[in-house]
file target.pdb (PDB, C-alpha atoms)
ATOM      1  CA  MET A1360      11.611 -13.380 -18.885
ATOM      2  CA  LYS A1361      15.311 -13.519 -19.786
ATOM      3  CA  SER A1362      16.880 -16.844 -20.734
ATOM      4  CA  ILE A1363      20.278 -18.381 -20.062
ATOM      5  CA  THR A1364      21.722 -20.911 -22.506
ATOM      6  CA  ILE A1365      23.262 -24.098 -21.118
ATOM      7  CA  ASN A1366      25.347 -26.143 -23.549
ATOM      8  CA  GLY A1367      25.118 -29.823 -22.677
ATOM      9  CA  SER A1368      25.592 -33.367 -23.878
ATOM     10  CA  LYS A1369      23.125 -36.243 -23.798
ATOM     11  CA  ARG A1370      23.980 -38.989 -21.322
ATOM     12  CA  GLU A1371      23.807 -42.528 -22.618
ATOM     13  CA  SER A1372      24.625 -44.114 -19.250
ATOM     14  CA  VAL A1373      22.969 -42.993 -16.020
ATOM     15  CA  GLY A1374      24.412 -45.391 -13.460
ATOM     16  CA  LYS A1375      26.280 -44.401 -10.294
ATOM     17  CA  LYS A1376      29.674 -45.150 -11.830
ATOM     18  CA  SER A1377      29.140 -42.895 -14.850
ATOM     19  CA  THR A1378      27.608 -40.173 -12.678
ATOM     20  CA  LYS A1379      30.646 -40.179 -10.402
ATOM     21  CA  ALA A1380      32.948 -39.990 -13.425
ATOM     22  CA  LEU A1381      31.026 -36.962 -14.731
ATOM     23  CA  ARG A1382      31.348 -35.118 -11.424
ATOM     24  CA  ASN A1383      35.062 -35.893 -11.220
ATOM     25  CA  ALA A1384      35.391 -34.301 -14.664
ATOM     26  CA  GLY A1385      33.656 -31.093 -13.526
ATOM     27  CA  GLN A1386      30.341 -32.007 -15.154
ATOM     28  CA  VAL A1387      26.886 -31.794 -13.558
ATOM     29  CA  PRO A1388      24.404 -34.611 -14.273
ATOM     30  CA  CYS A1389      20.957 -33.229 -15.125
ATOM     31  CA  VAL A1390      17.493 -34.502 -15.971
ATOM     32  CA  LEU A1391      14.864 -32.707 -18.047
ATOM     33  CA  TYR A1392      11.264 -33.652 -17.263
ATOM     34  CA  GLY A1393       8.009 -32.630 -18.924
ATOM     35  CA  GLY A1394       8.519 -34.260 -22.320
ATOM     36  CA  ASP A1395       7.524 -37.703 -23.567
ATOM     37  CA  LYS A1396      10.200 -39.192 -21.315
ATOM     38  CA  PRO A1397      12.965 -37.862 -19.034
ATOM     39  CA  LEU A1398      16.024 -36.581 -20.870
ATOM     40  CA  HIS A1399      19.385 -37.131 -19.179
ATOM     41  CA  PHE A1400      22.241 -34.776 -20.027
ATOM     42  CA  SER A1401      25.287 -33.146 -18.474
ATOM     43  CA  ALA A1402      27.036 -29.760 -18.650
ATOM     44  CA  ASP A1403      30.085 -27.999 -17.214
ATOM     45  CA  GLU A1404      29.448 -26.843 -13.657
ATOM     46  CA  ILE A1405      30.670 -23.340 -14.497
ATOM     47  CA  ALA A1406      27.866 -23.049 -17.081
ATOM     48  CA  PHE A1407      25.303 -22.849 -14.273
ATOM     49  CA  SER A1408      26.902 -19.946 -12.375
ATOM     50  CA  LYS A1409      24.656 -17.260 -13.890
ATOM     51  CA  LEU A1410      21.585 -19.411 -13.305
ATOM     52  CA  VAL A1411      22.224 -20.596  -9.750
ATOM     53  CA  TYR A1412      24.248 -17.859  -8.047
ATOM     54  CA  THR A1413      21.904 -14.953  -8.710
ATOM     55  CA  PRO A1414      18.806 -13.469  -7.066
ATOM     56  CA  ASN A1415      17.200 -13.064 -10.505
ATOM     57  CA  ALA A1416      14.812 -15.507 -12.177
ATOM     58  CA  HIS A1417      15.562 -16.964 -15.603
ATOM     59  CA  THR A1418      14.266 -19.530 -18.018
ATOM     60  CA  VAL A1419      16.812 -21.848 -19.605
ATOM     61  CA  VAL A1420      17.631 -22.819 -23.165
ATOM     62  CA  ILE A1421      19.249 -26.257 -23.114
ATOM     63  CA  ALA A1422      21.402 -26.588 -26.229
ATOM     64  CA  LEU A1423      22.501 -30.197 -26.755
ATOM     65  CA  ASP A1424      25.490 -31.318 -28.780
ATOM     66  CA  ASN A1425      23.198 -33.045 -31.306
ATOM     67  CA  GLY A1426      21.739 -29.658 -32.315
ATOM     68  CA  GLU A1427      18.541 -30.028 -30.281
ATOM     69  CA  THR A1428      17.392 -27.039 -28.182
ATOM     70  CA  LEU A1429      14.795 -27.162 -25.412
ATOM     71  CA  ASN A1430      13.248 -24.432 -23.282
ATOM     72  CA  ALA A1431      12.965 -25.147 -19.572
ATOM     73  CA  ILE A1432      13.065 -23.855 -16.024
ATOM     74  CA  MET A1433      15.187 -25.125 -13.145
ATOM     75  CA  GLN A1434      12.998 -27.191 -10.832
ATOM     76  CA  ASP A1435      15.379 -28.605  -8.221
ATOM     77  CA  ILE A1436      19.072 -28.504  -7.366
ATOM     78  CA  GLN A1437      21.279 -30.530  -5.017
ATOM     79  CA  PHE A1438      24.549 -29.310  -3.496
ATOM     80  CA  HIS A1439      27.373 -31.232  -1.829
ATOM     81  CA  PRO A1440      26.951 -30.784   1.960
ATOM     82  CA  VAL A1441      30.639 -29.923   2.478
ATOM     83  CA  THR A1442      32.026 -28.387  -0.712
ATOM     84  CA  ASP A1443      28.758 -26.756  -1.954
ATOM     85  CA  SER A1444      29.530 -28.005  -5.453
ATOM     86  CA  ILE A1445      26.484 -28.795  -7.610
ATOM     87  CA  LEU A1446      25.624 -32.506  -7.520
ATOM     88  CA  HIS A1447      22.484 -32.656  -9.641
ATOM     89  CA  ILE A1448      19.878 -30.417 -11.296
ATOM     90  CA  ASP A1449      16.335 -31.176 -12.413
ATOM     91  CA  PHE A1450      14.734 -29.107 -15.170
ATOM     92  CA  TYR A1451      11.159 -28.967 -16.437
ATOM     93  CA  GLU A1452      10.461 -28.449 -20.135
ATOM     94  CA  LEU A1453       8.295 -25.474 -21.059
ATOM     95  CA  ASN A1454       5.230 -25.692 -23.249
ATOM     96  CA  ASP A1455       4.083 -22.409 -24.797
ATOM     97  CA  GLU A1456       0.431 -23.345 -24.226
ATOM     98  CA  LYS A1457       0.811 -24.734 -20.695
ATOM     99  CA  PRO A1458       1.050 -22.518 -17.566
ATOM    100  CA  ILE A1459       4.111 -23.025 -15.373
ATOM    101  CA  THR A1460       4.734 -22.138 -11.726
ATOM    102  CA  MET A1461       8.018 -20.645 -10.534
ATOM    103  CA  GLU A1462       9.450 -18.198  -8.003
ATOM    104  CA  VAL A1463      10.314 -14.661  -9.078
ATOM    105  CA  PRO A1464      12.031 -11.930  -7.043
ATOM    106  CA  VAL A1465      10.232  -8.918  -5.580
ATOM    107  CA  HIS A1466      11.690  -5.459  -6.294
ATOM    108  CA  PHE A1467      10.764  -2.727  -3.812
ATOM    109  CA  ILE A1468      10.711   0.831  -5.135
ATOM    110  CA  GLY A1469       9.848   4.247  -3.713
ATOM    111  CA  ASN A1470      10.397   5.891  -0.337
ATOM    112  CA  SER A1471       7.697   5.062   2.184
ATOM    113  CA  ARG A1472       5.931   7.825   4.113
ATOM    114  CA  GLY A1473       6.326   5.635   7.191
ATOM    115  CA  VAL A1474      10.075   5.273   6.701
ATOM    116  CA  LYS A1475      10.392   9.042   6.327
ATOM    117  CA  ALA A1476       8.548   9.371   9.650
ATOM    118  CA  GLY A1477      11.068   7.108  11.385
ATOM    119  CA  GLY A1478       9.617   3.674  10.654
ATOM    120  CA  VAL A1479      11.478   0.626   9.351
ATOM    121  CA  LEU A1480      10.662  -1.327   6.187
ATOM    122  CA  ARG A1481      10.374  -5.066   6.784
ATOM    123  CA  LYS A1482      10.503  -7.199   3.631
ATOM    124  CA  ASN A1483       8.480 -10.286   4.528
ATOM    125  CA  SER A1484       8.467 -11.833   1.026
ATOM    126  CA  ARG A1485      11.518 -11.321  -1.179
ATOM    127  CA  ARG A1486      10.326 -13.922  -3.713
ATOM    128  CA  LEU A1487       6.817 -14.951  -4.778
ATOM    129  CA  ARG A1488       5.524 -18.013  -6.612
ATOM    130  CA  VAL A1489       3.581 -17.128  -9.747
ATOM    131  CA  LYS A1490       1.755 -19.190 -12.347
ATOM    132  CA  ALA A1491       1.625 -18.072 -15.963
ATOM    133  CA  LEU A1492       2.193 -19.058 -19.559
ATOM    134  CA  PRO A1493       5.940 -19.009 -20.319
ATOM    135  CA  LYS A1494       5.603 -15.818 -22.383
ATOM    136  CA  ASN A1495       3.935 -14.022 -19.443
ATOM    137  CA  LEU A1496       6.412 -14.973 -16.715
ATOM    138  CA  PRO A1497       7.737 -11.722 -15.193
ATOM    139  CA  ASP A1498      11.426 -11.098 -14.510
ATOM    140  CA  PHE A1499      10.326  -9.659 -11.164
ATOM    141  CA  ILE A1500       7.309  -8.197  -9.374
ATOM    142  CA  GLU A1501       7.569  -4.475  -8.640
ATOM    143  CA  VAL A1502       6.193  -3.174  -5.346
ATOM    144  CA  ASP A1503       5.813   0.574  -4.735
ATOM    145  CA  ILE A1504       6.059   1.249  -0.979
ATOM    146  CA  THR A1505       5.635   5.048  -1.273
ATOM    147  CA  PRO A1506       2.110   5.309   0.237
ATOM    148  CA  LEU A1507       2.783   2.998   3.209
ATOM    149  CA  LYS A1508       2.657   4.586   6.670
ATOM    150  CA  ILE A1509       3.891   3.247  10.012
ATOM    151  CA  GLY A1510       1.806   0.205  10.878
ATOM    152  CA  ASP A1511       0.695  -0.453   7.294
ATOM    153  CA  LYS A1512       1.012  -3.900   5.697
ATOM    154  CA  LEU A1513       0.981  -4.693   1.979
ATOM    155  CA  TYR A1514      -0.684  -7.995   1.053
ATOM    156  CA  VAL A1515      -0.301 -10.038  -2.138
ATOM    157  CA  THR A1516      -3.857  -9.077  -3.089
ATOM    158  CA  ALA A1517      -2.526  -5.589  -3.912
ATOM    159  CA  LEU A1518      -0.262  -7.120  -6.583
ATOM    160  CA  GLU A1519      -2.870  -8.919  -8.668
ATOM    161  CA  ASN A1520      -2.067  -8.989 -12.368
ATOM    162  CA  GLU A1521      -3.945 -10.319 -15.402
ATOM    163  CA  ALA A1522      -0.779 -11.787 -16.935
ATOM    164  CA  TYR A1523      -0.031 -14.141 -14.046
ATOM    165  CA  LYS A1524      -1.519 -15.570 -10.859
ATOM    166  CA  ILE A1525       0.246 -15.244  -7.506
ATOM    167  CA  MET A1526       0.214 -18.639  -5.776
ATOM    168  CA  HIS A1527      -0.030 -17.439  -2.170
ATOM    169  CA  THR A1528      -2.937 -17.017   0.236
ATOM    170  CA  ASP A1529      -4.575 -13.590   0.391
ATOM    171  CA  SER A1530      -3.254 -13.145   3.940
ATOM    172  CA  THR A1531       0.393 -13.298   2.795
ATOM    173  CA  VAL A1532       2.215 -10.088   3.775
ATOM    174  CA  VAL A1533       4.758  -8.861   1.221
ATOM    175  CA  CYS A1534       6.107  -6.017   3.345
ATOM    176  CA  GLN A1535       5.189  -3.765   6.250
ATOM    177  CA  ILE A1536       6.343  -0.576   7.931
ATOM    178  CA  LYS A1537       7.160  -1.150  11.586
ATOM    179  CA  ARG A1538       7.906   1.382  14.288
ATOM    180  CA  ALA A1539      11.638   1.651  14.918
ATOM    181  CA  ARG A1540      12.906  -0.063  18.082
ATOM    182  CA  ALA A1541      14.347   3.184  19.363
ATOM    183  CA  ALA A1542      10.940   4.860  19.059
ATOM    184  CA  MET A1543       9.264   1.904  20.798
ATOM    185  CA  ALA A1544      11.805   2.050  23.622
ATOM    186  CA  LEU A1545      11.237   5.797  23.986
ATOM    187  CA  ALA A1546       7.478   5.302  24.082
ATOM    188  CA  ALA A1547       7.858   2.617  26.762
ATOM    189  CA  LEU A1548      10.121   4.911  28.793
ATOM    190  CA  GLU A1549       7.607   7.741  28.558
ATOM    191  CA  ASP A1550       4.847   5.365  29.717
ATOM    192  CA  ASP A1551       6.969   4.358  32.729
ATOM    193  CA  GLU A1552       7.607   8.001  33.567
ATOM    194  CA  ASP A1553       3.884   8.757  33.351
ATOM    195  CA  GLU A1554       3.153   5.868  35.723
ATOM    196  CA  ASP A1555       5.795   7.131  38.162
ATOM    197  CA  GLU A1556       4.281  10.609  38.100
ATOM    198  CA  GLU A1557       0.804   9.191  38.707
ATOM    199  CA  THR A1558       2.142   7.145  41.636
ATOM    200  CA  GLU A1559       3.828  10.206  43.144
ATOM    201  CA  GLU A1560       0.651  12.257  42.749
ATOM    202  CA  THR A1561      -1.432   9.515  44.366
ATOM    203  CA  SER A1562       1.020   9.263  47.285
ATOM    204  CA  ALA A1563       0.972  13.025  47.756
ATOM    205  CA  GLU A1564      -2.828  13.080  47.766
ATOM    206  CA  ALA A1565      -2.901  10.274  50.345
ATOM    207  CA  THR A1566      -0.436  12.163  52.574
ATOM    208  CA  ASP A1567      -2.520  15.338  52.364
ATOM    209  CA  ALA A1568      -5.651  13.396  53.283
ATOM    210  CA  GLN A1569      -3.985  11.933  56.385
ATOM    211  CA  GLU A1570      -2.888  15.361  57.553
TER     212      GLU A1570
END

call {"tool": "encode", "arguments": {"input": "target.pdb", "output": "structure tokens"}}
result
Amino acid sequence: MKSITINGSKRESVGKKSTKALRNAGQVPCVLYGGDKPLHFSADEIAFSKLVYTPNAHTVVIALDNGETLNAIMQDIQFHPVTDSILHIDFYELNDEKPITMEVPVHFIGNSRGVKAGGVLRKNSRRLRVKALPKNLPDFIEVDITPLKIGDKLYVTALENEAYKIMHTDSTVVCQIKRARAAMALAALEDDEDEDEETEETSAEATDAQE
């Protein structure tokens, strides 16, 4: 998985006053968990743009001003309710020998047989939670929809991989091919017309019987 480097500075003070001062200076207060003790640091808000405002998944290299570098993943993020500026970010330190769980995007490829026949692709799961050693974390999970026909559903069980474990129930639907609304409306209209014809035929038969 690709990494993004965040250059930061250790925080000596973590009180409300110092936190407010950091934010006023365009800095984001952060905490790194997973080590011997939580590590508090801060970084320019603009440094997180490629990490936060993207559909892709990344690990993070936290490069501190004392020369220390730490590998991590973003675990939680808080935004201001009005301005959408970043208020706080939690990270979790990676251990090469310890599996980690994170969300990765799903990439759909191919042209479904069902779509060619007039169906519509519904993407039920655009991201999936996977568990793996850091070195085995995928950038994305590729899903080939080519063989899917109208009415078919693709479950997470079809995406099993030895390198990582998908942390969803077997009944989780990743995507499905649904009949287009226009086709459904046409089918309903045809059913109504068939019923009308049957009613007319029944009425005609009843009239003939009376005569």

call {"tool": "residues_around", "arguments": {"input": "target.pdb", "residues": "A:Arg1382", "least_positions_apart": "2", "cutoff": "12 Å", "atoms": "all atoms listed in the file", "output": "list in words"}}
result
Lys1375, Lys1376, Ser1377, Thr1378, Lys1379, Ala1380, Ala1384, Gly1385, Gln1386, Val1387, Pro1388, Cys1389, Ser1401, Ala1402, Asp1403, Glu1404, Phe1438, His1439, Ser1444, Ile1445, Leu1446 and His1447 of chain A

call {"tool": "closest_atom_pairs", "arguments": {"input": "target.pdb", "of": "stretch 1367-1468 of chain A", "to": "stretch 1516-1526 of chain A", "cutoff": "12 Å", "atoms": "all atoms listed in the file", "output": "tab-separated table"}}
result
residue	atom	partner	partner_atom	distance
A:Pro1458	CA	A:Tyr1523	CA	9.2
A:Ile1459	CA	A:Tyr1523	CA	9.9
A:Thr1460	CA	A:Met1526	CA	8.3
A:Met1461	CA	A:Met1526	CA	9.4
A:Glu1462	CA	A:Met1526	CA	9.5
A:Val1463	CA	A:Ile1525	CA	10.2
A:Val1465	CA	A:Leu1518	CA	10.7

call {"tool": "write_last_selection", "arguments": {"input": "target.pdb", "atoms": "C-alpha atoms", "output": "PDB file, keeping the file's coordinate frame"}}
result
ATOM      1  CA  PRO A1458       1.050 -22.518 -17.566  1.00  0.00           C
ATOM      2  CA  ILE A1459       4.111 -23.025 -15.373  1.00  0.00           C
ATOM      3  CA  THR A1460       4.734 -22.138 -11.726  1.00  0.00           C
ATOM      4  CA  MET A1461       8.018 -20.645 -10.534  1.00  0.00           C
ATOM      5  CA  GLU A1462       9.450 -18.198  -8.003  1.00  0.00           C
ATOM      6  CA  VAL A1463      10.314 -14.661  -9.078  1.00  0.00           C
ATOM      7  CA  VAL A1465      10.232  -8.918  -5.580  1.00  0.00           C
TER       8      VAL A1465
END

call {"tool": "closest_residue", "arguments": {"input": "target.pdb", "among": "A:Lys1494, A:Thr1528, A:Ile1536, A:Val1479", "to": "A:Pro1506", "atoms": "all atoms listed in the file"}}
result
A:Ile1536

call {"tool": "atom_distance", "arguments": {"input": "target.pdb", "atom1": "atom CA of A:Asp1511", "atom2": "atom CA of A:Val1489"}}
result
24.0 Å

call {"tool": "residues_near_point", "arguments": {"input": "target.pdb", "point": "(-1.7, -8.9, 3.0)", "cutoff": "12 Å", "atoms": "all atoms listed in the file", "output": "list in words"}}
result
Asn1483, Ser1484, Asp1511, Lys1512, Leu1513, Tyr1514, Val1515, Thr1516, Ala1517, Leu1518, Glu1519, His1527, Thr1528, Asp1529, Ser1530, Thr1531, Val1532, Val1533, Cys1534 and Gln1535 of chain A

call {"tool": "resolve_selection", "arguments": {"input": "target.pdb", "expression": "the PyMOL selection byres ((chain A and resi 1390) around 8)", "output": "mmCIF file with C-alpha atoms, in the frame of the given file"}}
result
data_model
loop_
_atom_site.group_PDB
_atom_site.id
_atom_site.type_symbol
_atom_site.label_atom_id
_atom_site.label_comp_id
_atom_site.auth_asym_id
_atom_site.auth_seq_id
_atom_site.Cartn_x
_atom_site.Cartn_y
_atom_site.Cartn_z
ATOM 1 C CA PRO A 1388 24.404 -34.611 -14.273
ATOM 2 C CA CYS A 1389 20.957 -33.229 -15.125
ATOM 3 C CA LEU A 1391 14.864 -32.707 -18.047
ATOM 4 C CA TYR A 1392 11.264 -33.652 -17.263
ATOM 5 C CA PRO A 1397 12.965 -37.862 -19.034
ATOM 6 C CA LEU A 1398 16.024 -36.581 -20.870
ATOM 7 C CA HIS A 1399 19.385 -37.131 -19.179
ATOM 8 C CA PHE A 1400 22.241 -34.776 -20.027
ATOM 9 C CA ILE A 1448 19.878 -30.417 -11.296
ATOM 10 C CA ASP A 1449 16.335 -31.176 -12.413
ATOM 11 C CA PHE A 1450 14.734 -29.107 -15.170
#

call {"tool": "closest_residue", "arguments": {"input": "target.pdb", "among": "A:Pro1414, A:Lys1409, A:Glu1427, A:Ala1491", "to": "A:Glu1456", "atoms": "all atoms listed in the file"}}
result
A:Ala1491

call {"tool": "atom_distance", "arguments": {"input": "target.pdb", "atom1": "atom CA of A:Phe1499", "atom2": "atom CA of A:Gly1473"}}
result
24.2 Å

call {"tool": "build_atoms", "arguments": {"input": "target.pdb", "residues": "stretch 1444-1459 of chain A", "atoms": "N, CA and C atoms", "output": "short mmCIF file (atom, residue, chain, number, x, y, z; two decimals), keeping the file's coordinate frame"}}
result
data_model
loop_
_atom_site.label_atom_id
_atom_site.label_comp_id
_atom_site.auth_asym_id
_atom_site.auth_seq_id
_atom_site.Cartn_x
_atom_site.Cartn_y
_atom_site.Cartn_z
N SER A 1444 29.53 -27.82 -4.00
CA SER A 1444 29.53 -28.00 -5.45
C SER A 1444 28.17 -28.57 -5.87
N ILE A 1445 27.79 -28.34 -7.13
CA ILE A 1445 26.48 -28.80 -7.61
C ILE A 1445 26.55 -30.29 -7.92
N LEU A 1446 25.65 -31.06 -7.31
CA LEU A 1446 25.62 -32.51 -7.52
C LEU A 1446 24.66 -32.91 -8.62
N HIS A 1447 23.53 -32.23 -8.70
CA HIS A 1447 22.48 -32.66 -9.64
C HIS A 1447 21.47 -31.53 -9.83
N ILE A 1448 20.91 -31.43 -11.03
CA ILE A 1448 19.88 -30.42 -11.30
C ILE A 1448 18.74 -31.06 -12.08
N ASP A 1449 17.53 -30.76 -11.66
CA ASP A 1449 16.34 -31.18 -12.41
C ASP A 1449 15.76 -29.96 -13.13
N PHE A 1450 15.38 -30.15 -14.39
CA PHE A 1450 14.73 -29.11 -15.17
C PHE A 1450 13.35 -29.59 -15.60
N TYR A 1451 12.49 -28.63 -15.93
CA TYR A 1451 11.16 -28.97 -16.44
C TYR A 1451 10.96 -28.25 -17.76
N GLU A 1452 10.60 -29.01 -18.79
CA GLU A 1452 10.46 -28.45 -20.14
C GLU A 1452 9.23 -27.56 -20.23
N LEU A 1453 9.39 -26.42 -20.89
CA LEU A 1453 8.30 -25.47 -21.06
C LEU A 1453 7.47 -25.79 -22.29
N ASN A 1454 6.17 -25.57 -22.13
CA ASN A 1454 5.23 -25.69 -23.25
C ASN A 1454 4.54 -24.34 -23.40
N ASP A 1455 4.62 -23.76 -24.59
CA ASP A 1455 4.08 -22.41 -24.80
C ASP A 1455 2.61 -22.28 -24.43
N GLU A 1456 1.87 -23.39 -24.49
CA GLU A 1456 0.43 -23.34 -24.23
C GLU A 1456 0.07 -23.84 -22.82
N LYS A 1457 1.07 -24.17 -22.01
CA LYS A 1457 0.81 -24.73 -20.70
C LYS A 1457 1.38 -23.83 -19.61
N PRO A 1458 0.55 -23.37 -18.65
CA PRO A 1458 1.05 -22.52 -17.57
C PRO A 1458 2.10 -23.24 -16.73
N ILE A 1459 3.04 -22.48 -16.21
CA ILE A 1459 4.11 -23.02 -15.37
C ILE A 1459 4.19 -22.20 -14.09
#
